[in-house]
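S.K.: Have a look at the structure that comes next, please.
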Protein chains: 2
Amino acid sequence: MAYRIITVSRQFGSGGRSVGKKLAEKLGYAYYDKELVKQVSLATGFAPEFIEEKGEYAQSRSKLSYLFTTVGTAGVMNGMTAADYLYTMQRKVILDLAEKGDCVIVGRCADYILRDRPDTLHAFIHAPVPYRAERIVRLYGESEQSPEKRLADKDGKRRVNYEHFTGRTWGAAENYDISLNTESIGEDACVELLYRIVKGE
Amino acid sequence: MAYRIITVSRQFGSGGRSVGKKLAEKLGYAYYDKELVKQVSLATGFAPEFIEEKGEYAQSRSKLSYLFTTVGTAGVMNGMTAADYLYTMQRKVILDLAEKGDCVIVGRCADYILRDRPDTLHAFIHAPVPYRAERIVRLYGESEQSPEKRLADKDGKRRVNYEHFTGRTWGAAENYDISLNTESIGEDACVELLYRIVKGE
């Protein structure tokens, strides 16, 4: 059986997004990343930028911020925090997209949300810190923070977000069908391996 | 470049040992599991059964057991606990075997011990609990404990041992080049995928 859906979870800067995109092209499957943000924006009314920022990076909530976000919008969000409401809507969009058909979905806890679908392959893409540090500077440029700090910050937020909503350990191999190191395996070889698994070759 | 050495770490009952053995046969590489125990036995004087039991399953040490193991054998082991001494000798044997040439090594923190060799591929093999529970009963028979309890015990000990000697999180995808779920991918397909990566195909 060929897999109909592939979820790609990834460490920041590992090239997971790129692997997901190339895989979708090779398979002729839909690719959901920005498109997913657009759909969540339509469903929630939140700005795409807000969803990009918060959709995978929920902050740890202080009591104060909890009060602010819930009191201000209690009517719409049934007393949920903005982060919880966003997760709920993202989950709904992901479940709908999965119903629609063949696709690759990057990030956003899709591995967890679609964990019970047997037609779904769950991949985790990672790479050592020096490789990712070099890569983000090359792709996104320098910033005030060191690349190592940027990696730790972004992965730290993804970890908190993932663990909050799934109760699982972020980056544990057992959450996935396959995990690959893009530095040692190579980005294109990762695409090729995943393609073969999806096709059952 | 073809990889010369493959380390296979695994959850208990996942079929990782079997994947390692089949891979070694397919590649024509040496396979070290029992053989490694034999060599550690020759180097340390410990009985093979003791090495099998303790080599990957160091108990958390109480002060009392620490005193017993160190005082009783201080001359030979320079004040190390039996577990630490065994690890040191296992490490030496693994480094020597890696020098000798093409091989597959199962377990025993070999992924960590050989982490700096670029000619080494590190694989982690895992599977969901129900699959492993069914498999251990089929292969090793029933016991007084439930299979789920046996899995939790054995993996718990491997985790403590691994984290004690390596400082890494056991089962984290980022420790490995590739991690595979034998239930979803299939044992033979895992062997095939690893074979292709080793050969650079």
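Convention: chains lettered A, B, ... in structure tokens order; per-chain residue numbering from 1; ligands numbered from 1 as shown.
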With 8 Å as the limit and counting only C-alpha atoms, what residues in chain A lie close to chain B? Please list them as a short mmCIF file (atom, residue, chain, number, x, y, z; two decimals) with N, CA, C and O atoms, in the first residue's frame.

M.R.:
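See part_30.cif below for the written result:
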```cif
data_model
loop_
_atom_site.label_atom_id
_atom_site.label_comp_id
_atom_site.auth_asym_id
_atom_site.auth_seq_id
_atom_site.Cartn_x
_atom_site.Cartn_y
_atom_site.Cartn_z
N PHE A 124 10.61 12.23 10.78
CA PHE A 124 11.27 13.29 11.57
C PHE A 124 12.63 13.55 10.94
O PHE A 124 13.40 12.62 10.67
N HIS A 126 16.25 15.63 11.14
CA HIS A 126 17.12 16.32 12.10
C HIS A 126 18.54 16.39 11.54
O HIS A 126 18.84 15.77 10.52
N ALA A 127 19.39 17.16 12.22
CA ALA A 127 20.81 17.25 11.81
C ALA A 127 21.59 17.84 12.97
O ALA A 127 21.01 18.54 13.83
N PRO A 128 22.90 17.59 13.01
CA PRO A 128 23.71 18.14 14.10
C PRO A 128 23.73 19.68 14.09
O PRO A 128 23.54 20.30 13.03
N GLY A 171 10.99 14.88 19.38
CA GLY A 171 12.24 14.35 18.85
C GLY A 171 12.53 12.92 19.26
O GLY A 171 13.58 12.39 18.91
N ALA A 172 11.63 12.28 20.01
CA ALA A 172 11.83 10.86 20.35
C ALA A 172 11.57 10.02 19.10
O ALA A 172 10.53 10.20 18.44
N ALA A 173 12.50 9.14 18.77
CA ALA A 173 12.38 8.34 17.54
C ALA A 173 11.06 7.57 17.50
O ALA A 173 10.45 7.42 16.44
N GLU A 174 10.58 7.13 18.67
CA GLU A 174 9.41 6.26 18.68
C GLU A 174 8.11 6.96 18.27
O GLU A 174 7.11 6.30 18.04
N TYR A 176 7.80 8.39 15.46
CA TYR A 176 7.83 8.44 13.99
C TYR A 176 8.05 7.05 13.38
O TYR A 176 8.57 6.16 14.03
N ASP A 177 7.70 6.92 12.10
CA ASP A 177 8.01 5.69 11.38
C ASP A 177 9.47 5.69 10.96
O ASP A 177 10.11 4.64 10.92
N ILE A 178 9.98 6.87 10.63
CA ILE A 178 11.37 6.98 10.19
C ILE A 178 11.92 8.35 10.59
O ILE A 178 11.22 9.36 10.50
N SER A 179 13.17 8.36 11.06
CA SER A 179 13.85 9.61 11.38
C SER A 179 15.17 9.61 10.61
O SER A 179 15.85 8.59 10.55
N LEU A 180 15.51 10.77 10.06
CA LEU A 180 16.70 10.83 9.21
C LEU A 180 17.55 12.06 9.53
O LEU A 180 17.02 13.15 9.76
N ASN A 181 18.86 11.87 9.50
CA ASN A 181 19.84 12.93 9.69
C ASN A 181 20.25 13.44 8.31
O ASN A 181 20.87 12.72 7.52
N SER A 184 24.25 13.46 7.40
CA SER A 184 24.94 12.21 7.04
C SER A 184 24.28 11.50 5.86
O SER A 184 24.96 10.95 5.00
N ILE A 185 22.96 11.53 5.81
CA ILE A 185 22.26 10.81 4.72
C ILE A 185 22.23 11.66 3.45
O ILE A 185 22.34 11.11 2.34
N LEU A 193 14.72 8.02 -0.24
CA LEU A 193 14.35 6.97 0.71
C LEU A 193 12.87 7.05 1.07
O LEU A 193 12.16 6.04 1.07
N ILE A 197 9.71 4.38 0.32
CA ILE A 197 8.84 3.85 1.38
C ILE A 197 7.38 4.15 1.05
O ILE A 197 6.52 3.29 1.16
#
```

S.K.: Could you pull the residues within 9 Å of Ala110 (chain B), counting only C-alpha atoms, minus those fewer than 5 positions along the same chain, as a ChimeraX atom specification?

M.R.: /B:7-9,91,94-95,105,115,122

S.K.: For Gly13 (chain A), list every protein, DNA or RNA residue within 7 Å, evaluated using only C-alpha atoms, and leave out those in the same chain fewer than 6 positions away; present the list as a list in words.

M.R.: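 These residues fall inside the cut-off: Arg132, Arg135 and Ile136 of chain A.
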
S.K.: Those residues with C-alpha atoms, as an mmCIF file, in the first residue's frame please?

M.R.:
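The resulting out.cif:
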```cif
data_model
loop_
_atom_site.group_PDB
_atom_site.id
_atom_site.type_symbol
_atom_site.label_atom_id
_atom_site.label_comp_id
_atom_site.auth_asym_id
_atom_site.auth_seq_id
_atom_site.Cartn_x
_atom_site.Cartn_y
_atom_site.Cartn_z
ATOM 1 C CA ARG A 132 22.118 23.545 10.952
ATOM 2 C CA ARG A 135 22.618 26.340 6.947
ATOM 3 C CA ILE A 136 20.414 28.964 8.618
#
```

S.K.: Please, what distance in Å, to one decimal, runs between CA of Ala98 (chain B) and CA of Asn161 (chain B)?

M.R.: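 CA of Asn161 (chain B) lies at a distance of 21.7 Å from CA of Ala98 (chain B).
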
S.K.: Name the residues in contact with Asp96 (chain A) at a cut-off of 12 Å, using only C-alpha atoms, excluding same-chain residues fewer than 6 positions from it; report them as an MDAnalysis selection string.

M.R.: chainID A and resid 36 39:40 43 89:90 102:103 110 113:114

S.K.: Expressed in Å to a single decimal, how great is the separation between CA of Leu23 (chain A) and CA of Tyr195 (chain A)?

M.R.: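 Those two atoms sit 6.6 Å apart.
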